[in-house]
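What follows is one structure encoded as structure tokens, with my remarks underneath.
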Amino acid sequence: MAGEGAVAKLQTEINCPICLGNLRDPVTIECGHNFCRSCIEQTWAGLQDSFPCAVCRHPCQQWHMWSNTQLGRMVDMAQLLQITRDKMKQQEERRLCEQHNQALTLFCEEDLELLCPLCTQPPDHQGHQVRPMEEAASHHRQRLSSYIEPLKKQVADIQKLVDTQDMRLSELREKVENRRAKLAAEFENLIESVECEEEAVLSRIAAEEKHIQRNLSANKAAFSDHISKLKVLLKELAEKSVMSDVKLMMNIKGVLQRCEKLEPPGVYCFQYKREEFSLPPQFLALQKIIQRFREEVTLDPKTAHPNLLVSEDKKSVTFVRKKQRVRRNPKGFAVDPVVLGSEGFDCGRHYWEVQVDDKPEWAVGVCKDSLSKERKQPLLRQENRCWTIQLQDGDYVARGSVPVTLVLKEMPRGIGIYLDYELGQVSFYSLNDMSHIHSFWDTFSEVLKPYFYIGCDPKPLTVCALRD
């Protein structure tokens with residue numbers, strides 16, 4: 001049994017990993033694996049740069065293979081040994097039937113069993129196709145051989161799939177590297193811009209510090225001069241107080257006037273202002289960050305003023321002179337032409353865009369959801385509940401707890417609104433060039449909703465869809 005195992009192991013070692021048959025004209029490649037010369041040449045046919053080993057995928061240089069004559073002789077010896085072993089096995093395989101103690105010379109095709117002549121008697125194999133073992137062995141040997149080529153084809157097909165996966169892996173690495181390089185360039189530009197902004201902010205801080213230092217130094221000098229005057233006056237008063245009555249009363253008027261009119265200089269007070277700065281959202285990297293939090297905002301017709309007409313897709317709203325013949329909603333605004341968004345935000349970061357074009361009057365931003373409960377209050381009394389950018393009478397105003405007049409370089413055709421609930425930030429950007437307009441900083445504790453003041457002109461206000 002040990003001898004049979006050794007022969008079987010040797011037979012496995014002399015098989016080609018590609019055709020699975022005995023090695024023919026064996027060759028050895030760089031990694032040490034052996035193949036039929038024709039098999040490895042056929043596998044490498046059509047390749048140009050890399051020639052992978054069919055077993056370990058080690059990349060070899062083109063046609064670097066060496067004839068292995070010693071292995072070829074071992075193959076011949078193994079084949080001879082196999083022939084001898086097969087003959088001995090045939091002799092050994094003439095086994096006896098366990099039931100009848102006769103040689104197994106027949107084969108049942110229905111049950112696929114070896115039989116002796118007595119086994120063919122009824123009733124076990126009655127009506128079955130039984131033929132001599134040699135004939136059946138020849139038939140099944142041909143049948144087994146018929147599986148070899150399809151299996152080889154499967155191996156070749158799967159090998160092609162493996163090669164394709166290797167190619168895709170290389171393509172993926174190339175794409176990832178290109179993407180990494182592009183992102184590195186984008187972030188380098190972003191970092192450069194932030195460093196420039198930092199330099200400008202630090203320069204302004206230094207200039208403000210010098211200005212305050214100059215004023216403080218001047219104020220200190222004024223106090224020093226006043227102290228000198230006080231000391232001179234004190235000395236004169238001390239000298240006067242010990243003079244005779246006549247000398248004391250001479251020029252007393254001038255001394256008293258100097259005492260009464262001597263006033264100290266004012267104290268220079270200053271308040272160190274908070275330095276504002278903003279990152280440049282026009283850079284692609286920051287644009288992608290903003291787009292990551294973009295929301296599909298829609299209008300809520302239930303909150304619309306009676307003079308507002310909301311489109312069917314709930315993305316556009318227009319002011320009309322004739323009130324809409326709809327059932328009055330208790331959540332609808334009754335005084336100002338306002339409508340809220342359907343979405344409410346109580347956490348996270350969110351971004352949406354509104355197209356205003358050349359409307360002469362509008363306001364966009366966010367408000368507390370509780371604002372709809374006080375729908376009869378005018379716009380000016382809603383400032384503690386809203387954070388908006390407004391255009392009215394040709395002026396741009398940031399309306400929060402305290403209104404701030406804005407100076408814009410050009411009229412924005414659209415407004416981008418960015419909400420960071422946890423950070424307490426509401427920022428506005430011009431869609432013309434994604435430049436920063438204004439930011440509010442506050443503490444939020446209840447649901448916030450998109451806010452839209454339409455004005456009384458007939459031009460529509462549109463919430464941009466995600467595909468825009």
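Identifiers in the structure tokens: chain A, B, ... in order shown; residue index from 1 per chain; ligand index from 1 in order shown.
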Selection near Met77 in chain A, 12 Å with only C-alpha atoms, sequence-local residues under 5 positions removed, as a list of chain:residue names: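 Returned residues: A:Val7, A:Leu10, A:Gln11, A:Ile14, A:Asn22, A:Gln70, A:Leu71, A:Gly72, A:Gln82, A:Ile83, A:Thr84.
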Close residues, Pro301 in chain A itself excluded, 8 Å, only C-alpha atoms, min 5 positions apart in chain, as number ranges by chain: A: 310, 314, 339
Residue with smallest distance to Arg57 in chain A - pool A:Asp166, A:Asp86, A:Asp111, A:Glu13, counting only C-alpha atoms: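 Closest to Arg57 in chain A, using only C-alpha atoms: A:Asp166.
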Residue neighbourhood Ala103 in chain A, 6 Å, only C-alpha atoms, exclusion window fewer than 5 positions, as a ChimeraX atom specification: /A:95-96,116
Next, dump the selected residues to file, keeping only N, CA and C atoms, as an mmCIF file, in the first residue's frame.
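Everything below was put into result.cif:
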```cif
data_model
loop_
_atom_site.group_PDB
_atom_site.id
_atom_site.type_symbol
_atom_site.label_atom_id
_atom_site.label_comp_id
_atom_site.auth_asym_id
_atom_site.auth_seq_id
_atom_site.Cartn_x
_atom_site.Cartn_y
_atom_site.Cartn_z
ATOM 1 N N ARG A 95 -10.704 -9.994 -8.700
ATOM 2 C CA ARG A 95 -11.145 -10.376 -7.374
ATOM 3 C C ARG A 95 -12.318 -11.358 -7.458
ATOM 4 N N LEU A 96 -12.592 -11.966 -6.355
ATOM 5 C CA LEU A 96 -13.672 -12.944 -6.281
ATOM 6 C C LEU A 96 -14.919 -12.311 -5.700
ATOM 7 N N CYS A 116 -20.208 -11.598 -10.893
ATOM 8 C CA CYS A 116 -19.730 -12.909 -11.330
ATOM 9 C C CYS A 116 -20.858 -13.574 -12.130
#
```
Could you tell me, as a PDB file with C-alpha atoms, in the first residue's frame, which residues of range 387-462 of chain A DSSP assigns to strand (DSSP E) when given the backbone?
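Once written, out-v9.pdb looks like this:
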```
ATOM      1  CA  TRP A 387     -32.128  83.500  10.566  1.00  0.00           C
ATOM      2  CA  THR A 388     -32.494  84.860   7.025  1.00  0.00           C
ATOM      3  CA  ILE A 389     -30.943  86.891   4.222  1.00  0.00           C
ATOM      4  CA  GLN A 390     -33.417  89.445   2.869  1.00  0.00           C
ATOM      5  CA  LEU A 391     -33.608  91.800  -0.096  1.00  0.00           C
ATOM      6  CA  GLN A 392     -35.970  94.714   0.520  1.00  0.00           C
ATOM      7  CA  ASP A 395     -30.838  96.613   0.442  1.00  0.00           C
ATOM      8  CA  TYR A 396     -29.512  93.230   1.544  1.00  0.00           C
ATOM      9  CA  VAL A 397     -29.990  92.559   5.263  1.00  0.00           C
ATOM     10  CA  ALA A 398     -29.027  89.602   7.445  1.00  0.00           C
ATOM     11  CA  ARG A 399     -31.930  89.254   9.880  1.00  0.00           C
ATOM     12  CA  VAL A 404     -27.006  93.519   9.850  1.00  0.00           C
ATOM     13  CA  THR A 405     -26.827  95.469   6.574  1.00  0.00           C
ATOM     14  CA  LEU A 406     -24.780  93.618   3.949  1.00  0.00           C
ATOM     15  CA  GLY A 414     -29.390  82.278  -6.141  1.00  0.00           C
ATOM     16  CA  ILE A 415     -28.632  81.596  -2.497  1.00  0.00           C
ATOM     17  CA  GLY A 416     -27.072  78.487  -0.938  1.00  0.00           C
ATOM     18  CA  ILE A 417     -28.099  77.826   2.684  1.00  0.00           C
ATOM     19  CA  TYR A 418     -25.933  75.636   4.946  1.00  0.00           C
ATOM     20  CA  LEU A 419     -27.167  74.572   8.402  1.00  0.00           C
ATOM     21  CA  ASP A 420     -24.982  72.917  11.036  1.00  0.00           C
ATOM     22  CA  GLN A 425     -24.300  77.825  12.393  1.00  0.00           C
ATOM     23  CA  VAL A 426     -26.393  79.070   9.469  1.00  0.00           C
ATOM     24  CA  SER A 427     -24.315  80.233   6.484  1.00  0.00           C
ATOM     25  CA  PHE A 428     -25.342  81.782   3.172  1.00  0.00           C
ATOM     26  CA  TYR A 429     -23.487  81.654  -0.150  1.00  0.00           C
ATOM     27  CA  SER A 430     -23.996  83.380  -3.491  1.00  0.00           C
ATOM     28  CA  SER A 435     -18.720  83.268  -2.330  1.00  0.00           C
ATOM     29  CA  HIS A 436     -19.615  83.550   1.343  1.00  0.00           C
ATOM     30  CA  ILE A 437     -22.264  86.170   2.180  1.00  0.00           C
ATOM     31  CA  HIS A 438     -22.922  85.875   5.909  1.00  0.00           C
ATOM     32  CA  SER A 439     -23.026  83.419   8.832  1.00  0.00           C
ATOM     33  CA  PHE A 440     -25.194  83.356  11.948  1.00  0.00           C
ATOM     34  CA  TRP A 441     -24.026  81.707  15.187  1.00  0.00           C
ATOM     35  CA  LEU A 448     -35.799  74.286  12.308  1.00  0.00           C
ATOM     36  CA  LYS A 449     -37.522  74.557   8.923  1.00  0.00           C
ATOM     37  CA  PRO A 450     -36.535  76.217   5.622  1.00  0.00           C
ATOM     38  CA  TYR A 451     -38.060  79.711   5.440  1.00  0.00           C
ATOM     39  CA  PHE A 452     -39.169  81.558   2.280  1.00  0.00           C
ATOM     40  CA  TYR A 453     -40.487  85.119   2.145  1.00  0.00           C
ATOM     41  CA  LEU A 461     -39.018  81.864  -6.174  1.00  0.00           C
ATOM     42  CA  THR A 462     -37.716  78.335  -6.857  1.00  0.00           C
TER      43      THR A 462
END
```
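Residues within 10 Å of range 235-240 of chain A, counting only C-alpha atoms and excluding same-chain residues fewer than 6 positions away, are A:Lys229, A:Lys247, A:Leu248, A:Met249, A:Met250, A:Ile252, A:Val255, A:Leu256, A:Cys259.
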Neighbour list for Leu115 in chain A as a list in words, cut-off 8 Å, only C-alpha atoms, skip fewer than 3 positions in-chain: Cys97, Leu104, Thr105, Leu106, Phe107, Cys108, Leu118, Cys119 and Thr120 of chain A
Spatial neighbours of Pro265 in chain A, 8 Å, only C-alpha atoms, chain gap at least 3 places, as number ranges by chain: A: 219, 222-223, 226
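Comparing the minimum interatomic distances between Val27 in chain A and each of A:His64, A:His140, A:His58, A:Arg180, counting only C-alpha atoms, we find that A:His64 sits nearest.
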Picked from range 113-299 of chain A by DSSP as helix (DSSP H, G or I), as number ranges by chain: A: 117-120, 133-241, 245-249, 252-261, 284-292
